[in-house]
Amino acid sequence: MSDEQNIIAALVGTYRFVIPEIVLGVAACVIFLAGTFRANRHLFGGLALAGLGGAAVALGLTWDAAYPNPEVTRAGVFAGPVVSDSLALLVKAIALAAGLVLVLFSWDELPDRQAADWHACLLIIIAGVCLTGAANDLITLFLALELISMPTYVMLYLPRHDSAAQEAALKYFLLSIFSSALLLFGFSYLYGLAGTTNLPALFDTVQHTGGGDLPGVAQVAVILVVAGLGFRITAVPFHFYAPDVYEGTATPMAALLAFVPKVAGFAALVRVLGFVLPAFESPGGPDLHMAGTALSNQVPILLWFLAAVTMFLGNVLALLQDNLKRLLAYSSVAHAGYMLVALAVAPYLRGRDGPGTEVGGIEVLLFYLVAYGAMTIGAFAVIAYLDSPQRPVETVDDLSGLSKSHPGVALMMVVFLFSLIGIPLTAGFTGKLMVFFGAMTVPAAYDPTLFRVLALLVAINAAIGGWYYLRIVAVMYLRTPVRPLEKRGAWAALATLWICVVLTIGFSFGPGARWLVEATRQAAATRTASN
């Protein structure tokens, strides 16, 4: 097959790789339309689950596309706007699983008349995350990220209409627009540098720059891209919206903001900065061509400082919080710092893939992202399950005596908090251990002292985080409530809690941890199958 024929086939066959997104989009349209005729949260929750199930089936049918196809040529990889590699499939699986949990989470938290809009917008957001993971072009990537942002503005305002909700929606909207402008500005520099928006072609152009020296415009582009995506992952100094927005919005929306944008943001960083290269590219040597430094050999140092500041500021400010949502917001910032550590060391851990070897930085990042999603959504779900108009749960003291009134829910909350700390037998411990040893095992050829210091900072921050997490545990088990929390029988909320607990414990050891490590190892490999 000629290159021209392969290019045409790549463009025509793109729809095969976005069938899950198409299913989600159709389901969202059906729910929007049905919402004009009827108001029933159970109906629309069921339709949302059906849409997610259909997308999961479509994803399963295209799973084999992640493996190399001998008929795929270099021209085919360089033509398609999307790819179906192992990274894309893993991001889609994470997004669909998050969508399932969030539908159950919000099932009983929404008024009937708003359920249709909420669930339809949620499906569109999940479709945007799926498309972000598969993006092979800067334009596709930007549109996918906007597909996540725009429904978010609506969802922030749906469940509540008080002044706090209005402030949260407006603040998120304005800062999101600003971050999108920064990202688009950075993309324009990359286009000017390479003359193309296709990511493989962009990396190929940069890697063949005469003399191996990158122009200054590449450094500026990297800074703008990291700044634009830093808003989505709540990295310092782009985090300051999080506490106010989390506090002002409904609890299911706070849980969504704490996890889903992080999946999209880190997937975009991995793609744009070249941490996962396409099939016909090579990580090359230790300098310009090293994976993760395709656009700038200063990327690891930039991420080093970003990770260190993000960890410390998130944990230190969380110590000062009494409001549970604000505390979890700063916790979200701190955990973004841990994930940035994995990303910072990723370029130095390449070439260690394969059975029996240590995992690399991208594998650690993806593992930690999954673990973080389970324990953070679980913590928010506990708050939502206990909260009621008669007895709101807003501050740490509102959880006083939870071990007596709700012993099972208190134990689940302990599991989530222990995982956030990084205590053994939880997925958070396994993730933090992988982050720590990843920073400690940077090869001697790359002057690892700086990254061993970063590993020490991870340990210090884990200890700082333990203080405010254990304070919640102490309140639940050592204090007596002035007014006990009421018993509730919401099955969907309990299902959310059980799913998060099973994932938090199941991914900590044994078959669950091995399966997730292997899945992330495949996602971090540099093979790509295109149309």
# chains A, B, ... in the order shown; residues from 1 in each chain; ligands from 1
$ residues_around --residues "segment 185-198 of chain A" --least-positions-apart "4" --cutoff "8 Å" --atoms "only C-alpha atoms" --output "VMD selection string"
chain A and resid 78 to 79 81 136 to 139 181 202 205 to 206 217 to 218 220 to 225
$ write_last_selection --atoms "C-alpha atoms" --output "mmCIF file, in the first residue's frame"
data_model
loop_
_atom_site.group_PDB
_atom_site.id
_atom_site.type_symbol
_atom_site.label_atom_id
_atom_site.label_comp_id
_atom_site.auth_asym_id
_atom_site.auth_seq_id
_atom_site.Cartn_x
_atom_site.Cartn_y
_atom_site.Cartn_z
ATOM 1 C CA PHE A 78 1.557 10.553 10.777
ATOM 2 C CA ALA A 79 -1.854 11.159 9.180
ATOM 3 C CA PRO A 81 -5.951 12.687 14.120
ATOM 4 C CA ASN A 136 -2.709 12.425 17.876
ATOM 5 C CA ASP A 137 -2.991 16.047 16.851
ATOM 6 C CA LEU A 138 -2.852 19.376 18.691
ATOM 7 C CA ILE A 139 -6.195 20.485 17.279
ATOM 8 C CA ALA A 181 -5.762 30.644 26.138
ATOM 9 C CA LEU A 202 6.050 17.517 15.325
ATOM 10 C CA THR A 205 10.693 17.656 13.008
ATOM 11 C CA VAL A 206 12.098 18.658 16.389
ATOM 12 C CA VAL A 217 10.579 29.180 21.112
ATOM 13 C CA ALA A 218 10.386 25.498 22.083
ATOM 14 C CA VAL A 220 8.511 29.054 25.714
ATOM 15 C CA ALA A 221 6.015 26.623 24.164
ATOM 16 C CA VAL A 222 6.695 24.022 26.857
ATOM 17 C CA ILE A 223 6.178 26.564 29.641
ATOM 18 C CA LEU A 224 2.874 27.716 28.134
ATOM 19 C CA VAL A 225 1.641 24.156 27.606
#
$ select_by_dssp --residues "segment 20-135 of chain A" --states "helix (DSSP H, G or I)" --output "MDAnalysis selection string"
chainID A and resid 20:35 41:61 63:66 74:77 86:106 112:134
$ residues_around --residues "segment 146-161 of chain A" --least-positions-apart "6" --cutoff "6 Å" --atoms "only C-alpha atoms" --output "number ranges by chain"
A: 121, 125, 128, 169
$ write_last_selection --atoms "N, CA and C atoms" --output "CSV table (one decimal), in the first residue's frame"
chain,number,residue,atom,x,y,z
A,121,CYS,N,-24.4,15.9,30.5
A,121,CYS,CA,-23.2,16.6,30.5
A,121,CYS,C,-22.0,15.7,31.0
A,125,ILE,N,-18.5,14.9,29.1
A,125,ILE,CA,-17.1,15.0,29.8
A,125,ILE,C,-16.3,13.7,29.6
A,128,GLY,N,-15.0,13.4,26.3
A,128,GLY,CA,-13.8,14.3,26.1
A,128,GLY,C,-12.6,13.7,26.7
A,169,ALA,N,-19.0,28.6,40.0
A,169,ALA,CA,-19.1,28.5,38.5
A,169,ALA,C,-18.4,29.6,37.8
$ residues_around --residues "segment 231-248 of chain A" --least-positions-apart "6" --cutoff "9 Å" --atoms "only C-alpha atoms" --output "number ranges by chain"
A: 156, 160, 162-169, 171-172, 175-176, 179, 254-255, 257-266, 306-307, 309-311, 313-314, 323-330, 332-334, 336-337, 340, 394
$ write_last_selection --atoms "C-alpha atoms" --output "PDB file, in the first residue's frame"
ATOM      1  CA  LEU A 156     -21.215  23.558  38.444  1.00  0.00           C
ATOM      2  CA  ARG A 160     -27.260  24.540  43.666  1.00  0.00           C
ATOM      3  CA  ASP A 162     -26.961  29.965  45.936  1.00  0.00           C
ATOM      4  CA  SER A 163     -24.278  32.640  45.905  1.00  0.00           C
ATOM      5  CA  ALA A 164     -21.498  30.128  46.686  1.00  0.00           C
ATOM      6  CA  ALA A 165     -22.445  28.003  43.658  1.00  0.00           C
ATOM      7  CA  GLN A 166     -22.587  31.088  41.440  1.00  0.00           C
ATOM      8  CA  GLU A 167     -19.144  32.163  42.627  1.00  0.00           C
ATOM      9  CA  ALA A 168     -17.739  28.670  42.043  1.00  0.00           C
ATOM     10  CA  ALA A 169     -19.146  28.456  38.506  1.00  0.00           C
ATOM     11  CA  LYS A 171     -14.497  31.472  39.028  1.00  0.00           C
ATOM     12  CA  TYR A 172     -13.975  28.146  37.315  1.00  0.00           C
ATOM     13  CA  LEU A 175      -9.829  30.621  35.051  1.00  0.00           C
ATOM     14  CA  SER A 176     -10.602  27.808  32.623  1.00  0.00           C
ATOM     15  CA  SER A 179      -5.789  28.351  30.971  1.00  0.00           C
ATOM     16  CA  ALA A 254     -16.318  18.409  43.671  1.00  0.00           C
ATOM     17  CA  ALA A 255     -15.450  14.714  43.341  1.00  0.00           C
ATOM     18  CA  LEU A 257     -13.302  18.050  39.542  1.00  0.00           C
ATOM     19  CA  ALA A 258     -10.853  16.344  41.882  1.00  0.00           C
ATOM     20  CA  PHE A 259     -10.239  13.431  39.519  1.00  0.00           C
ATOM     21  CA  VAL A 260     -11.545  13.648  35.950  1.00  0.00           C
ATOM     22  CA  PRO A 261      -9.642  16.804  34.844  1.00  0.00           C
ATOM     23  CA  LYS A 262      -6.456  15.271  36.292  1.00  0.00           C
ATOM     24  CA  VAL A 263      -6.845  12.230  34.040  1.00  0.00           C
ATOM     25  CA  ALA A 264      -7.229  14.476  31.002  1.00  0.00           C
ATOM     26  CA  GLY A 265      -4.456  16.859  32.077  1.00  0.00           C
ATOM     27  CA  PHE A 266      -1.838  14.180  32.683  1.00  0.00           C
ATOM     28  CA  LEU A 306       6.610  22.223  39.984  1.00  0.00           C
ATOM     29  CA  ALA A 307       6.292  18.940  41.900  1.00  0.00           C
ATOM     30  CA  VAL A 309       6.199  23.416  45.295  1.00  0.00           C
ATOM     31  CA  THR A 310       2.873  21.699  44.603  1.00  0.00           C
ATOM     32  CA  MET A 311       3.434  19.022  47.253  1.00  0.00           C
ATOM     33  CA  LEU A 313       1.880  24.126  49.362  1.00  0.00           C
ATOM     34  CA  GLY A 314      -0.981  21.634  49.106  1.00  0.00           C
ATOM     35  CA  ASN A 323     -13.918  22.597  56.025  1.00  0.00           C
ATOM     36  CA  LEU A 324     -13.823  19.065  54.592  1.00  0.00           C
ATOM     37  CA  LYS A 325     -14.143  20.070  50.950  1.00  0.00           C
ATOM     38  CA  ARG A 326     -11.402  22.684  51.228  1.00  0.00           C
ATOM     39  CA  LEU A 327      -9.196  20.149  52.992  1.00  0.00           C
ATOM     40  CA  LEU A 328      -9.735  17.624  50.200  1.00  0.00           C
ATOM     41  CA  ALA A 329      -9.121  20.361  47.638  1.00  0.00           C
ATOM     42  CA  TYR A 330      -5.662  21.063  49.050  1.00  0.00           C
ATOM     43  CA  SER A 332      -5.882  17.106  45.624  1.00  0.00           C
ATOM     44  CA  VAL A 333      -3.180  19.717  45.014  1.00  0.00           C
ATOM     45  CA  ALA A 334      -0.656  17.759  47.084  1.00  0.00           C
ATOM     46  CA  ALA A 336      -0.908  16.301  41.925  1.00  0.00           C
ATOM     47  CA  GLY A 337       2.596  17.018  43.224  1.00  0.00           C
ATOM     48  CA  LEU A 340       4.401  15.262  38.931  1.00  0.00           C
ATOM     49  CA  GLU A 394     -19.306  20.484  56.167  1.00  0.00           C
TER      50      GLU A 394
END
$ closest_residue --among "A:Thr251, A:Ser86, A:Thr449, A:Ser419" --to "Val393 of chain A" --atoms "only C-alpha atoms"
A:Thr251
$ residues_around --residues "Phe312 of chain A" --least-positions-apart "4" --cutoff "8 Å" --atoms "only C-alpha atoms" --output "PDB file with N, CA and C atoms, in the first residue's frame"
ATOM      1  N   ALA A 308       7.785  19.839  43.596  1.00  0.00           N
ATOM      2  CA  ALA A 308       8.179  20.176  44.964  1.00  0.00           C
ATOM      3  C   ALA A 308       7.272  21.258  45.551  1.00  0.00           C
ATOM      4  N   VAL A 316       0.738  21.856  53.306  1.00  0.00           N
ATOM      5  CA  VAL A 316       0.822  22.851  54.384  1.00  0.00           C
ATOM      6  C   VAL A 316      -0.495  23.603  54.519  1.00  0.00           C
ATOM      7  N   ALA A 334      -1.841  18.486  46.629  1.00  0.00           N
ATOM      8  CA  ALA A 334      -0.656  17.759  47.084  1.00  0.00           C
ATOM      9  C   ALA A 334      -0.453  16.481  46.281  1.00  0.00           C
ATOM     10  N   ASN A 461       6.535  15.114  52.805  1.00  0.00           N
ATOM     11  CA  ASN A 461       5.158  15.543  52.545  1.00  0.00           C
ATOM     12  C   ASN A 461       4.148  14.470  52.914  1.00  0.00           C
TER      13      ASN A 461
END
$ closest_residue --among "A:Met476, A:Val30, A:Leu417, A:Val409" --to "Leu43 of chain A" --atoms "only C-alpha atoms"
A:Val30
$ residues_around --residues "segment 100-112 of chain A" --least-positions-apart "3" --cutoff "7 Å" --atoms "only C-alpha atoms" --output "list of chain:residue names"
A:Ala39, A:Asn40, A:Arg41, A:Gly45, A:Leu49, A:Leu52, A:Leu96, A:Ala97, A:Ala115, A:Pro159, A:Pro252, A:Ala381, A:Ala492, A:Ala493, A:Thr496
$ write_last_selection --atoms "C-alpha atoms" --output "PDB file, in the first residue's frame"
ATOM      1  CA  ALA A  39     -38.155  14.560  34.940  1.00  0.00           C
ATOM      2  CA  ASN A  40     -36.968  11.367  36.627  1.00  0.00           C
ATOM      3  CA  ARG A  41     -33.497  10.907  38.086  1.00  0.00           C
ATOM      4  CA  GLY A  45     -29.336   7.555  35.731  1.00  0.00           C
ATOM      5  CA  LEU A  49     -25.314   3.690  32.825  1.00  0.00           C
ATOM      6  CA  LEU A  52     -21.421   3.943  29.558  1.00  0.00           C
ATOM      7  CA  LEU A  96     -15.508   4.964  31.676  1.00  0.00           C
ATOM      8  CA  ALA A  97     -14.937   3.485  35.131  1.00  0.00           C
ATOM      9  CA  ALA A 115     -30.917  14.867  36.416  1.00  0.00           C
ATOM     10  CA  PRO A 159     -27.529  21.278  41.725  1.00  0.00           C
ATOM     11  CA  PRO A 252     -20.547  15.000  43.368  1.00  0.00           C
ATOM     12  CA  ALA A 381     -18.784   9.884  48.635  1.00  0.00           C
ATOM     13  CA  ALA A 492     -26.396   4.128  44.955  1.00  0.00           C
ATOM     14  CA  ALA A 493     -24.209   5.980  47.452  1.00  0.00           C
ATOM     15  CA  THR A 496     -20.149   3.976  45.209  1.00  0.00           C
TER      16      THR A 496
END
$ closest_residue --among "A:Arg16, A:His42, A:Arg479, A:Lys404" --to "Leu59 of chain A" --atoms "only C-alpha atoms"
A:Arg16
$ residues_around --residues "Asp398 of chain A" --least-positions-apart "5" --cutoff "12 Å" --atoms "only C-alpha atoms" --output "VMD selection string"
chain A and resid 322 to 324 383 386 to 388 391 to 393 472 475 to 476 479 to 486
$ atom_distance --atom1 "atom CA of Phe416 of chain A" --atom2 "atom CA of Cys500 of chain A"
8.4 Å
